[in-house]
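J.: Got a file for you: target.tsv, TSV, C-alpha atoms.
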chain	number	residue	atom	x	y	z
A	1	MET	CA	-17.81	-6.29	18.04
A	2	ARG	CA	-14.24	-5.23	18.75
A	3	LYS	CA	-13.22	-1.66	19.43
A	4	ILE	CA	-10.16	-0.89	17.30
A	5	LEU	CA	-7.97	2.20	17.12
A	6	VAL	CA	-6.50	2.84	13.68
A	7	THR	CA	-3.96	5.64	13.67
A	8	GLY	CA	-3.22	7.21	10.31
A	9	ALA	CA	-6.84	6.51	9.32
A	10	ALA	CA	-6.79	9.21	6.64
A	11	GLY	CA	-3.68	7.68	5.09
A	12	PHE	CA	-3.59	5.23	2.22
A	13	ILE	CA	-3.30	1.95	4.14
A	14	GLY	CA	-5.20	3.20	7.19
A	15	PHE	CA	-8.19	4.23	5.08
A	16	HIS	CA	-8.44	0.86	3.36
A	17	LEU	CA	-7.95	-1.07	6.59
A	18	ALA	CA	-10.56	1.01	8.45
A	19	GLY	CA	-13.05	0.41	5.66
A	20	ARG	CA	-12.51	-3.35	5.75
A	21	LEU	CA	-12.82	-3.46	9.54
A	22	LEU	CA	-16.00	-1.40	9.45
A	23	ALA	CA	-17.49	-3.70	6.84
A	24	ALA	CA	-16.85	-6.57	9.26
A	25	ALA	CA	-18.95	-4.77	11.93
A	26	ASN	CA	-16.09	-3.65	14.15
A	27	GLU	CA	-16.18	-0.33	15.98
A	28	VAL	CA	-13.32	1.79	14.64
A	29	VAL	CA	-11.88	4.98	16.05
A	30	GLY	CA	-9.73	6.68	13.44
A	31	LEU	CA	-6.96	9.09	14.36
A	32	ASP	CA	-4.95	11.31	12.03
A	33	ASN	CA	-3.29	14.73	12.23
A	34	LEU	CA	-4.01	15.48	8.54
A	35	ASN	CA	-0.57	17.00	8.03
A	36	ASN	CA	0.40	18.53	4.71
A	37	TYR	CA	3.19	16.10	3.75
A	38	TYR	CA	0.99	15.52	0.72
A	39	ASP	CA	-2.33	16.99	-0.49
A	40	VAL	CA	-4.66	17.20	2.49
A	41	ARG	CA	-7.66	17.20	0.18
A	42	LEU	CA	-6.98	13.58	-0.74
A	43	LYS	CA	-6.89	12.64	2.94
A	44	GLU	CA	-10.15	14.49	3.48
A	45	ALA	CA	-11.72	12.70	0.52
A	46	ARG	CA	-10.76	9.34	2.00
A	47	LEU	CA	-12.28	10.32	5.33
A	48	ALA	CA	-15.44	11.48	3.59
A	49	ARG	CA	-16.10	7.86	2.63
A	50	LEU	CA	-15.76	6.69	6.22
A	51	MET	CA	-17.41	9.47	8.20
A	52	PRO	CA	-21.07	8.59	7.44
A	53	LEU	CA	-20.66	5.07	8.84
A	54	SER	CA	-22.26	4.66	12.25
A	55	ASN	CA	-19.48	2.44	13.64
A	56	PHE	CA	-16.72	4.94	12.76
A	57	ARG	CA	-15.52	7.96	14.73
A	58	PHE	CA	-12.68	10.25	13.74
A	59	LEU	CA	-10.36	12.39	15.86
A	60	ARG	CA	-7.90	14.88	14.43
A	61	MET	CA	-4.87	14.33	16.64
A	62	GLY	CA	-1.11	13.87	16.38
A	63	LEU	CA	0.69	11.07	18.18
A	64	GLU	CA	2.90	13.68	19.84
A	65	GLU	CA	-0.09	15.02	21.80
A	66	ARG	CA	0.66	12.96	24.89
A	67	GLU	CA	-2.08	14.09	27.24
A	68	ARG	CA	-4.88	13.85	24.66
A	69	LEU	CA	-3.68	10.42	23.62
A	70	GLN	CA	-3.52	9.22	27.22
A	71	ARG	CA	-7.11	10.37	27.79
A	72	LEU	CA	-8.24	8.64	24.61
A	73	PHE	CA	-6.76	5.30	25.68
A	74	ALA	CA	-8.16	5.64	29.20
A	75	GLU	CA	-11.67	6.45	28.00
A	76	GLU	CA	-12.01	4.04	25.08
A	77	LYS	CA	-10.35	0.82	26.32
A	78	PHE	CA	-9.42	-0.45	22.86
A	79	ASP	CA	-9.21	-4.17	22.18
A	80	VAL	CA	-6.70	-3.78	19.35
A	81	VAL	CA	-4.52	-0.88	18.23
A	82	VAL	CA	-3.14	-0.63	14.69
A	83	ASN	CA	-0.51	2.10	14.51
A	84	LEU	CA	-0.08	3.29	10.92
A	85	ALA	CA	0.47	6.98	11.71
A	86	ALA	CA	4.04	8.04	10.98
A	87	GLN	CA	6.05	10.54	9.03
A	88	ALA	CA	6.61	8.59	5.84
A	89	GLY	CA	9.07	8.90	2.99
A	90	VAL	CA	12.79	8.25	2.64
A	91	ARG	CA	13.70	11.37	0.67
A	92	TYR	CA	11.76	13.76	2.90
A	93	SER	CA	13.82	12.54	5.86
A	94	LEU	CA	16.93	13.98	4.23
A	95	THR	CA	15.59	17.51	4.57
A	96	ASN	CA	13.12	17.35	7.49
A	97	PRO	CA	14.65	14.96	10.04
A	98	TYR	CA	12.90	16.33	13.12
A	99	ALA	CA	9.48	15.43	11.72
A	100	TYR	CA	10.52	11.78	11.92
A	101	ILE	CA	11.70	12.00	15.51
A	102	ASP	CA	8.53	13.76	16.63
A	103	SER	CA	6.11	11.37	14.94
A	104	ASN	CA	7.92	8.06	14.67
A	105	ILE	CA	9.81	8.06	17.98
A	106	VAL	CA	8.00	10.39	20.40
A	107	GLY	CA	4.63	9.47	18.91
A	108	PHE	CA	5.29	5.75	19.10
A	109	ILE	CA	6.31	5.80	22.76
A	110	ASN	CA	3.00	7.53	23.46
A	111	ILE	CA	1.20	4.68	21.69
A	112	LEU	CA	3.14	2.09	23.70
A	113	GLU	CA	2.34	3.87	26.96
A	114	GLY	CA	-1.33	4.04	26.02
A	115	CYS	CA	-1.37	0.29	25.35
A	116	ARG	CA	0.49	-0.39	28.60
A	117	HIS	CA	-1.91	1.49	30.84
A	118	SER	CA	-5.21	0.50	29.21
A	119	GLY	CA	-4.91	-3.25	28.76
A	120	VAL	CA	-4.78	-3.37	24.94
A	121	LYS	CA	-4.84	-7.01	23.85
A	122	HIS	CA	-2.73	-6.60	20.69
A	123	LEU	CA	-0.67	-3.81	19.13
A	124	VAL	CA	-0.02	-4.12	15.42
A	125	PHE	CA	2.37	-1.48	14.10
A	126	ALA	CA	3.83	-0.43	10.77
A	127	SER	CA	7.49	-0.94	10.13
A	128	SER	CA	9.07	-0.79	6.67
A	129	SER	CA	11.21	-2.69	4.20
A	130	SER	CA	13.57	0.29	4.52
A	131	VAL	CA	14.96	-1.21	7.74
A	132	TYR	CA	16.98	-3.67	5.62
A	133	GLY	CA	19.18	-0.73	4.63
A	134	ALA	CA	22.59	-1.86	3.43
A	135	ASN	CA	21.64	-5.56	3.48
A	136	THR	CA	22.15	-7.23	0.11
A	137	LYS	CA	21.21	-10.85	0.82
A	138	MET	CA	17.93	-11.61	-0.95
A	139	PRO	CA	15.16	-12.23	-0.24
A	140	PHE	CA	15.06	-10.01	2.85
A	141	SER	CA	14.17	-12.08	5.89
A	142	VAL	CA	12.94	-11.02	9.32
A	143	HIS	CA	15.54	-13.43	10.68
A	144	HIS	CA	18.38	-11.32	9.23
A	145	ASN	CA	20.17	-8.66	11.26
A	146	VAL	CA	19.05	-5.12	10.29
A	147	ASP	CA	21.54	-2.83	12.00
A	148	HIS	CA	22.68	-0.77	9.00
A	149	PRO	CA	19.91	1.66	7.94
A	150	VAL	CA	20.71	4.10	5.14
A	151	SER	CA	18.09	6.75	5.97
A	152	LEU	CA	16.75	8.37	9.11
A	153	TYR	CA	13.29	7.11	8.18
A	154	ALA	CA	14.59	3.54	8.27
A	155	ALA	CA	16.39	4.17	11.56
A	156	THR	CA	13.16	5.38	13.19
A	157	LYS	CA	11.30	2.30	11.99
A	158	LYS	CA	13.98	0.01	13.41
A	159	ALA	CA	13.78	2.00	16.65
A	160	ASP	CA	10.01	1.36	16.74
A	161	GLU	CA	10.64	-2.37	16.50
A	162	LEU	CA	13.10	-2.23	19.40
A	163	MET	CA	10.77	-0.09	21.50
A	164	ALA	CA	7.87	-2.47	20.88
A	165	HIS	CA	9.99	-5.44	21.89
A	166	SER	CA	10.98	-3.79	25.15
A	167	TYR	CA	7.31	-3.23	26.03
A	168	ALA	CA	6.40	-6.78	25.06
A	169	ALA	CA	9.16	-8.06	27.32
A	170	LEU	CA	8.61	-5.68	30.24
A	171	TYR	CA	4.80	-5.50	30.31
A	172	ASN	CA	3.70	-8.59	28.35
A	173	ILE	CA	1.99	-6.47	25.67
A	174	PRO	CA	1.52	-8.58	22.52
A	175	CYS	CA	3.17	-6.65	19.66
A	176	THR	CA	3.36	-7.48	15.96
A	177	GLY	CA	5.38	-5.36	13.55
A	178	LEU	CA	4.76	-5.41	9.79
A	179	ARG	CA	7.51	-4.47	7.34
A	180	PHE	CA	5.62	-3.17	4.30
A	181	PHE	CA	7.03	-3.58	0.80
A	182	THR	CA	5.99	-0.88	-1.74
A	183	VAL	CA	2.21	-0.82	-1.37
A	184	TYR	CA	0.19	0.57	-4.30
A	185	GLY	CA	-3.39	0.87	-5.45
A	186	PRO	CA	-6.47	3.15	-5.60
A	187	TRP	CA	-6.47	6.09	-3.16
A	188	GLY	CA	-2.67	5.78	-2.94
A	189	ARG	CA	-0.10	8.29	-1.76
A	190	PRO	CA	0.71	11.05	-4.29
A	191	ASP	CA	4.38	11.05	-3.22
A	192	MET	CA	4.88	7.45	-4.35
A	193	ALA	CA	6.65	6.85	-7.65
A	194	TYR	CA	3.78	5.08	-9.42
A	195	PHE	CA	1.41	7.96	-8.58
A	196	LEU	CA	3.92	10.60	-9.72
A	197	PHE	CA	4.60	8.65	-12.90
A	198	THR	CA	0.90	8.39	-13.70
A	199	LYS	CA	0.31	12.11	-13.22
A	200	ALA	CA	3.34	13.04	-15.32
A	201	ILE	CA	2.50	10.65	-18.17
A	202	VAL	CA	-1.10	11.89	-18.30
A	203	GLU	CA	0.16	15.49	-18.42
A	204	GLY	CA	2.88	14.73	-20.97
A	205	ARG	CA	5.75	15.59	-18.62
A	206	THR	CA	9.07	13.77	-18.28
A	207	ILE	CA	9.48	11.30	-15.43
A	208	ASP	CA	12.72	10.86	-13.47
A	209	ILE	CA	13.72	7.19	-13.29
A	210	TYR	CA	16.45	6.50	-10.74
A	211	ASN	CA	19.09	3.79	-11.08
A	212	HIS	CA	18.25	3.82	-14.82
A	213	GLY	CA	15.07	1.85	-14.16
A	214	LYS	CA	16.92	-1.12	-12.68
A	215	MET	CA	15.40	-0.68	-9.25
A	216	GLN	CA	13.55	-3.79	-8.11
A	217	ARG	CA	10.57	-3.56	-5.79
A	218	ASP	CA	8.14	-6.04	-4.28
A	219	PHE	CA	5.08	-4.09	-5.47
A	220	THR	CA	2.12	-5.21	-3.32
A	221	PHE	CA	-1.50	-4.35	-4.07
A	222	ILE	CA	-3.45	-2.71	-1.26
A	223	ASP	CA	-6.15	-5.41	-1.09
A	224	ASP	CA	-3.51	-8.06	-0.45
A	225	ILE	CA	-1.95	-5.91	2.26
A	226	VAL	CA	-5.25	-5.33	4.07
A	227	GLU	CA	-6.13	-9.02	3.86
A	228	GLY	CA	-2.81	-9.88	5.49
A	229	MET	CA	-3.25	-7.23	8.18
A	230	GLU	CA	-6.67	-8.53	9.14
A	231	ARG	CA	-5.23	-12.00	9.57
A	232	VAL	CA	-2.35	-10.70	11.67
A	233	MET	CA	-4.67	-8.71	13.93
A	234	ASP	CA	-6.49	-11.91	14.81
A	235	ARG	CA	-3.30	-13.73	15.79
A	236	ILE	CA	-1.81	-12.82	19.16
A	237	PRO	CA	1.94	-13.39	18.79
A	238	PRO	CA	3.08	-16.25	21.03
A	239	ALA	CA	6.44	-16.35	22.76
A	240	ASN	CA	8.97	-18.51	20.92
A	241	PRO	CA	9.93	-21.31	23.34
A	242	LEU	CA	13.01	-22.10	21.24
A	243	TRP	CA	14.38	-18.54	21.35
A	244	ASP	CA	18.02	-18.66	22.48
A	245	GLY	CA	19.93	-15.67	23.83
A	246	ASN	CA	23.19	-17.25	22.67
A	247	ASN	CA	21.90	-17.21	19.10
A	248	PRO	CA	19.11	-14.59	19.12
A	249	ASP	CA	16.53	-14.64	16.35
A	250	PRO	CA	15.70	-11.02	15.34
A	251	GLY	CA	12.24	-11.94	14.08
A	252	THR	CA	10.85	-13.64	17.19
A	253	SER	CA	11.34	-13.46	20.96
A	254	TYR	CA	10.85	-15.08	24.35
A	255	ALA	CA	8.26	-12.28	24.75
A	256	PRO	CA	4.89	-12.01	22.88
A	257	TYR	CA	6.50	-10.23	19.95
A	258	ARG	CA	6.72	-10.93	16.23
A	259	ILE	CA	8.00	-9.23	13.09
A	260	TYR	CA	6.69	-10.10	9.62
A	261	ASN	CA	7.50	-9.04	6.10
A	262	ILE	CA	4.32	-8.26	4.18
A	263	GLY	CA	4.93	-8.08	0.46
A	264	ASN	CA	4.24	-9.71	-2.87
A	265	ASN	CA	7.27	-12.03	-2.77
A	266	ASN	CA	7.72	-11.33	-6.48
A	267	PRO	CA	10.15	-8.48	-7.26
A	268	VAL	CA	9.44	-6.43	-10.38
A	269	GLU	CA	11.96	-4.21	-12.16
A	270	LEU	CA	10.87	-0.59	-12.17
A	271	MET	CA	11.19	-0.28	-15.95
A	272	HIS	CA	8.78	-3.18	-16.44
A	273	PHE	CA	6.40	-1.61	-13.95
A	274	ILE	CA	6.47	1.60	-16.01
A	275	GLU	CA	5.82	-0.36	-19.21
A	276	VAL	CA	2.70	-1.92	-17.66
A	277	LEU	CA	1.59	1.53	-16.47
A	278	GLU	CA	2.08	2.92	-20.00
A	279	GLU	CA	-0.10	0.12	-21.36
A	280	CYS	CA	-2.84	0.83	-18.80
A	281	LEU	CA	-2.75	4.54	-19.63
A	282	GLY	CA	-2.47	4.02	-23.37
A	283	LYS	CA	0.36	6.53	-23.49
A	284	LYS	CA	4.16	6.36	-23.55
A	285	ALA	CA	6.26	8.05	-20.87
A	286	LYS	CA	8.99	10.59	-21.51
A	287	LYS	CA	11.89	9.20	-19.49
A	288	ASN	CA	14.87	10.87	-17.78
A	289	LEU	CA	17.24	8.13	-16.60
A	290	LEU	CA	19.22	9.02	-13.47
A	291	PRO	CA	21.66	7.29	-11.08
A	292	LEU	CA	20.65	5.85	-7.72
A	293	GLN	CA	19.60	8.58	-5.29
A	294	ALA	CA	21.02	8.96	-1.78
A	295	GLY	CA	19.00	7.01	0.78
A	296	ASP	CA	17.49	4.63	-1.79
A	297	VAL	CA	18.30	0.95	-2.08
A	298	PRO	CA	18.48	-0.78	-5.49
A	299	ALA	CA	16.26	-3.73	-4.61
A	300	THR	CA	13.73	-4.92	-2.04
A	301	TYR	CA	12.38	-8.46	-2.08
A	302	ALA	CA	10.41	-9.98	0.78
A	303	ASP	CA	10.65	-13.46	2.24
A	304	VAL	CA	7.05	-13.88	3.46
A	305	ASP	CA	7.24	-17.56	4.40
A	306	ASP	CA	6.57	-16.84	8.08
A	307	LEU	CA	3.44	-14.85	7.29
A	308	VAL	CA	2.20	-17.56	4.92
A	309	ARG	CA	2.80	-20.24	7.56
A	310	ASP	CA	1.31	-18.36	10.52
A	311	VAL	CA	-1.76	-16.67	9.01
A	312	GLY	CA	-2.17	-18.10	5.50
A	313	PHE	CA	-1.13	-14.89	3.74
A	314	GLN	CA	-1.24	-15.27	-0.05
A	315	PRO	CA	-0.89	-12.12	-2.19
A	316	ALA	CA	-2.95	-12.71	-5.30
A	317	THR	CA	-2.90	-9.52	-7.40
A	318	PRO	CA	-0.48	-9.30	-10.37
A	319	ILE	CA	0.74	-5.81	-11.26
A	320	GLU	CA	-1.23	-5.88	-14.53
A	321	ASN	CA	-4.50	-6.12	-12.58
A	322	GLY	CA	-3.41	-3.85	-9.74
A	323	LEU	CA	-2.23	-1.04	-12.00
A	324	ARG	CA	-5.35	-1.31	-14.13
A	325	ARG	CA	-7.47	-0.75	-11.04
A	326	PHE	CA	-5.29	2.14	-9.88
A	327	VAL	CA	-5.45	3.87	-13.27
A	328	ALA	CA	-9.25	3.45	-13.39
A	329	TRP	CA	-9.55	5.08	-9.95
A	330	TYR	CA	-7.09	7.85	-10.86
A	331	ARG	CA	-8.98	8.78	-14.03
A	332	GLU	CA	-12.35	8.82	-12.31
A	333	PHE	CA	-11.18	10.68	-9.23
A	334	TYR	CA	-9.28	13.45	-10.98
A	335	SER	CA	-11.39	13.81	-14.10
A	336	GLU	CA	-14.46	14.46	-12.01
A	337	ASP	CA	-12.53	16.71	-9.62
A	338	LYS	CA	-13.78	14.85	-6.57
A	339	ILE	CA	-11.03	15.98	-4.23
A	340	GLY	CA	-12.50	17.41	-1.06
A	341	GLU	CA	-16.10	16.50	-1.85
A	342	SER	CA	-18.23	14.52	0.57
A	343	LEU	CA	-18.22	11.29	-1.38
A	344	SER	CA	-20.95	8.76	-0.67
A	345	ALA	CA	-19.60	5.95	1.49
A	346	SER	CA	-20.06	2.40	0.32
A	347	LEU	CA	-18.93	-0.72	2.14
A	348	SER	CA	-18.93	-2.80	-1.05
A	349	GLU	CA	-15.38	-1.84	-2.05
A	350	PHE	CA	-14.05	-3.04	1.29
A	351	ARG	CA	-15.66	-6.49	1.27
A	352	ARG	CA	-13.67	-9.51	0.14
Can the structure in the file be given as structure tokens, please?

T.:
Amino acid sequence: MRKILVTGAAGFIGFHLAGRLLAAANEVVGLDNLNNYYDVRLKEARLARLMPLSNFRFLRMGLEERERLQRLFAEEKFDVVVNLAAQAGVRYSLTNPYAYIDSNIVGFINILEGCRHSGVKHLVFASSSSVYGANTKMPFSVHHNVDHPVSLYAATKKADELMAHSYAALYNIPCTGLRFFTVYGPWGRPDMAYFLFTKAIVEGRTIDIYNHGKMQRDFTFIDDIVEGMERVMDRIPPANPLWDGNNPDPGTSYAPYRIYNIGNNNPVELMHFIEVLEECLGKKAKKNLLPLQAGDVPATYADVDDLVRDVGFQPATPIENGLRRFVAWYREFYSEDKIGESLSASLSEFRR
């Protein structure tokens, strides 16, 4: 049994990952500050499915709380840390920039220091496809330079990658960063477009579609993401013996450090995604077509060859199946008004 810290455990990906790890008989400590970036009741409902499990403990804590976090690392001696806690969202960073510095920069250095002083064997941390910023060469590759972010959110995620590399190099802490590409599925984030679209269509309201629906995204179903994360956690990143400072590879290092894209490797146009969602809901959307919004990028498309080669990652869920499962969860969850209730926990949904 491994002892694993999952930060952001009440979040969308953290909740699913914690459930899968618990089903595999790991001991999981979940950490989350339960902020109100989106409906706290949904976060509480996710936690309600994990709390009854004997191998799960939860702490309400922010990554900025340095002293509490230091004590936690010192007392628990985690084998693996998965850092998913962060201030998320591109658009929110346009109006609340300090939230991103506090959580994504200050909070992440506290995680790195905790790993440094407690002998953590592997740190896996969330980055984002947003780091590709102004890049236009497709598919996005971890071996491409990513020095032109177009949002503060993206800049903080790139900073996390650089900070993790410095700790891998200085203190030999194995660090693996995952650049997520548009994750969706049951228990998802209400601020994500597919969730907002679903709610609006059900309620008969108009949906705003940016870039006239020509946005392309590598929509990746949550089960595929969690499967890939489990595989990554089990692989300590080796140093790259061929790494050359005269021609530095951004995705690897002479240190125990690795960056991976984790996505579906199959970009879907937003308008097609909406059409599939309409079919799953059995209802047409009222559409308001708008230009590209500041901070957004028109397309994201992941090159996942490295992840396939190193851990056997193979996303297997087409959007037709993934959206059908999301819509089924959405209808059940909201029609029965389950938000905030102590839902019975079942490991079955987390097993492969």

J.: Give the answer as one residue: which of A:Leu112, A:Val29, A:Ala168, A:Met61 has the shortest atom-to-atom distance to A:Glu76, using only C-alpha atoms?

T.: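 Closest to A:Glu76, using only C-alpha atoms: A:Val29.
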
J.: Leaving out A:Arg68 and any residue of its chain fewer than 4 positions from it, which residues lie within 12 Å of it when counting only C-alpha atoms, given as a list in words?

T.: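 That gives Leu31, Leu59, Arg60, Met61, Gly62, Leu63, Glu64, Leu72, Phe73, Ala74, Glu75, Gly107, Asn110, Ile111 and Gly114 of chain A.
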
J.: Store the residues picked out above in a file with C-alpha atoms, as a PDB file, in the coordinates of the input.

T.:
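Result saved to again-v6.pdb:
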ATOM      1  CA  LEU A  31      -6.960   9.090  14.360  1.00  0.00           C
ATOM      2  CA  LEU A  59     -10.360  12.390  15.860  1.00  0.00           C
ATOM      3  CA  ARG A  60      -7.900  14.880  14.430  1.00  0.00           C
ATOM      4  CA  MET A  61      -4.870  14.330  16.640  1.00  0.00           C
ATOM      5  CA  GLY A  62      -1.110  13.870  16.380  1.00  0.00           C
ATOM      6  CA  LEU A  63       0.690  11.070  18.180  1.00  0.00           C
ATOM      7  CA  GLU A  64       2.900  13.680  19.840  1.00  0.00           C
ATOM      8  CA  LEU A  72      -8.240   8.640  24.610  1.00  0.00           C
ATOM      9  CA  PHE A  73      -6.760   5.300  25.680  1.00  0.00           C
ATOM     10  CA  ALA A  74      -8.160   5.640  29.200  1.00  0.00           C
ATOM     11  CA  GLU A  75     -11.670   6.450  28.000  1.00  0.00           C
ATOM     12  CA  GLY A 107       4.630   9.470  18.910  1.00  0.00           C
ATOM     13  CA  ASN A 110       3.000   7.530  23.460  1.00  0.00           C
ATOM     14  CA  ILE A 111       1.200   4.680  21.690  1.00  0.00           C
ATOM     15  CA  GLY A 114      -1.330   4.040  26.020  1.00  0.00           C
TER      16      GLY A 114
END

J.: Name the residues, using the chain letters and numbers of the file, that sit within 6 Å of (22.1, 3.5, -7.5) when counting all atoms listed in the file, and give them as a ChimeraX atom specification.

T.: /A:211,291-292,298

J.: Identify, on the basis of all atoms listed in the file, every residue whose closest approach to A:Phe108 does not exceed 12 Å; exclude the query and any residue fewer than 6 positions from it along the same chain; express the result as JSON, numbers by chain.

T.: {"A": [7, 62, 63, 64, 65, 66, 69, 81, 82, 83, 84, 85, 86, 87, 100, 101, 102, 114, 115, 123, 124, 125, 126, 127, 156, 157, 158, 159, 160, 161, 162, 163, 164, 167]}

J.: Could you tell me how far atom CA of A:Cys175 sits from atom CA of A:Pro237, in Å to one decimal place?

T.: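 The value is 6.9 Å.
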
J.: Could you list, with a cut-off of 7 Å and counting all atoms listed in the file, the residues of stretch 163-241 of chain A near stretch 311-320 of chain A, each shown with its nearest atom pair and the distance in Å rounded to one decimal, rows sorted by chain and ascending number, as JSON lines?

T.:
{"residue": "A:Phe221", "atom": "CA", "partner": "A:Thr317", "partner_atom": "CA", "distance": 6.3}
{"residue": "A:Asp224", "atom": "CA", "partner": "A:Pro315", "partner_atom": "CA", "distance": 5.1}
{"residue": "A:Gly228", "atom": "CA", "partner": "A:Phe313", "partner_atom": "CA", "distance": 5.6}
{"residue": "A:Arg231", "atom": "CA", "partner": "A:Val311", "partner_atom": "CA", "distance": 5.8}
{"residue": "A:Val232", "atom": "CA", "partner": "A:Val311", "partner_atom": "CA", "distance": 6.6}

J.: Interatomic distance between atom CA of A:Lys121 and atom CA of A:Tyr171?

T.: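 Separation between atom CA of A:Lys121 and atom CA of A:Tyr171: 11.7 Å.
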
J.: Would you please work out which residue, of A:Ile207, A:Ile236, A:Ile222, A:Leu152, is nearest to A:Asp310 when using all atoms listed in the file?

T.: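 Closest to A:Asp310 of all the choices is A:Ile236.
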
J.: Each residue of stretch 170-229 of chain A with at least one atom at most 8 Å from stretch 258-271 of chain A should appear once, together with its nearest atom pair and the corresponding distance in Å (one decimal); atoms considered: all atoms listed in the file; ordering: chain, then increasing residue number; output as a Markdown table.

T.:
| residue | atom | partner | partner_atom | distance |
| --- | --- | --- | --- | --- |
| A:Cys175 | CA | A:Arg258 | CA | 6.5 |
| A:Thr176 | CA | A:Arg258 | CA | 4.8 |
| A:Gly177 | CA | A:Ile259 | CA | 4.7 |
| A:Leu178 | CA | A:Tyr260 | CA | 5.1 |
| A:Arg179 | CA | A:Asn261 | CA | 4.7 |
| A:Phe180 | CA | A:Ile262 | CA | 5.3 |
| A:Phe181 | CA | A:Gly263 | CA | 5.0 |
| A:Thr182 | CA | A:Gly263 | CA | 7.6 |
| A:Val183 | CA | A:Gly263 | CA | 8.0 |
| A:Gly213 | CA | A:Met271 | CA | 4.8 |
| A:Lys214 | CA | A:Glu269 | CA | 5.9 |
| A:Met215 | CA | A:Leu270 | CA | 5.4 |
| A:Gln216 | CA | A:Glu269 | CA | 4.4 |
| A:Arg217 | CA | A:Pro267 | CA | 5.2 |
| A:Asp218 | CA | A:Pro267 | CA | 4.3 |
| A:Phe219 | CA | A:Asn264 | CA | 6.2 |
| A:Thr220 | CA | A:Asn264 | CA | 5.0 |
| A:Phe221 | CA | A:Asn264 | CA | 7.9 |
| A:Ile225 | CA | A:Ile262 | CA | 7.0 |
| A:Gly228 | CA | A:Ile262 | CA | 7.4 |

J.: Using C-alpha atoms, can you write the selected residues to a file as a CSV table (one decimal), in the coordinates of the input?

T.:
chain,number,residue,atom,x,y,z
A,175,CYS,CA,3.2,-6.6,19.7
A,176,THR,CA,3.4,-7.5,16.0
A,177,GLY,CA,5.4,-5.4,13.6
A,178,LEU,CA,4.8,-5.4,9.8
A,179,ARG,CA,7.5,-4.5,7.3
A,180,PHE,CA,5.6,-3.2,4.3
A,181,PHE,CA,7.0,-3.6,0.8
A,182,THR,CA,6.0,-0.9,-1.7
A,183,VAL,CA,2.2,-0.8,-1.4
A,213,GLY,CA,15.1,1.8,-14.2
A,214,LYS,CA,16.9,-1.1,-12.7
A,215,MET,CA,15.4,-0.7,-9.2
A,216,GLN,CA,13.6,-3.8,-8.1
A,217,ARG,CA,10.6,-3.6,-5.8
A,218,ASP,CA,8.1,-6.0,-4.3
A,219,PHE,CA,5.1,-4.1,-5.5
A,220,THR,CA,2.1,-5.2,-3.3
A,221,PHE,CA,-1.5,-4.4,-4.1
A,225,ILE,CA,-2.0,-5.9,2.3
A,228,GLY,CA,-2.8,-9.9,5.5

J.: Could you check which of A:Ala169, A:Arg189, A:Leu21, A:Gly8 is closest to A:Met229, using only C-alpha atoms?

T.: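 Looking only at the distances to A:Met229, the closest residue turns out to be A:Leu21.
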
J.: Pick out the closest residue to A:Gly251 from this set: A:His148, A:His272, A:His165, A:Arg91. Count only C-alpha atoms.

T.: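 Looking only at the distances to A:Gly251, the closest residue turns out to be A:His165.
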
J.: Find, counting all atoms listed in the file, the residue in A:Arg49, A:Lys3, A:Arg116, A:Arg324 that gets nearest to A:Asn172.

T.: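 The shortest atom-to-atom distance to A:Asn172 comes from A:Arg116.
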
J.: Considering all atoms listed in the file, state which residue in the set A:Val28, A:Leu22, A:Leu94, A:Met138 is at the smallest distance from A:Ile4.

T.: A:Val28

J.: For atom CA of A:Asn26 and atom CA of A:Val40, quote the distance in Å rounded to one decimal.

T.: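 Interatomic distance here is 26.5 Å.
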
J.: Excluding same-chain residues fewer than 5 positions from A:Asp249, what lies within 12 Å of it counting all atoms listed in the file, as a ChimeraX atom specification?

T.: /A:141-146,240-244,254,257-259

J.: Is it possible to get the axis-aligned box enclosing stretch 75-83 of chain A (all listed atoms, 4 Å extra per side) as AutoDock Vina command-line options, with centre and edge lengths in Å rounded to one decimal?

T.:
--center_x -6.3 --center_y 1.1 --center_z 21.3 --size_x 19.5 --size_y 18.6 --size_z 21.5

J.: Please provide the set of residues having any atom within 8 Å of A:Val150, restricted to all atoms listed in the file, with same-chain residues fewer than 2 positions apart removed, written as a PyMOL selection string.

T.: chain A and resi 133-134+148+152+154-155+295-296

J.: Keeping C-alpha atoms, export the residues of the selection given above as a short mmCIF file (atom, residue, chain, number, x, y, z; two decimals), in the frame of the given file.

T.:
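Okay, this is what ended up in again08.cif:
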data_model
loop_
_atom_site.label_atom_id
_atom_site.label_comp_id
_atom_site.auth_asym_id
_atom_site.auth_seq_id
_atom_site.Cartn_x
_atom_site.Cartn_y
_atom_site.Cartn_z
CA GLY A 133 19.18 -0.73 4.63
CA ALA A 134 22.59 -1.86 3.43
CA HIS A 148 22.68 -0.77 9.00
CA LEU A 152 16.75 8.37 9.11
CA ALA A 154 14.59 3.54 8.27
CA ALA A 155 16.39 4.17 11.56
CA GLY A 295 19.00 7.01 0.78
CA ASP A 296 17.49 4.63 -1.79
#

J.: At a cut-off of 9 Å around the point (-15.0, 3.9, 11.3) (file coordinates), what residues fall inside when counting only C-alpha atoms? I'd like the answer as a count of residues only.

T.: 20
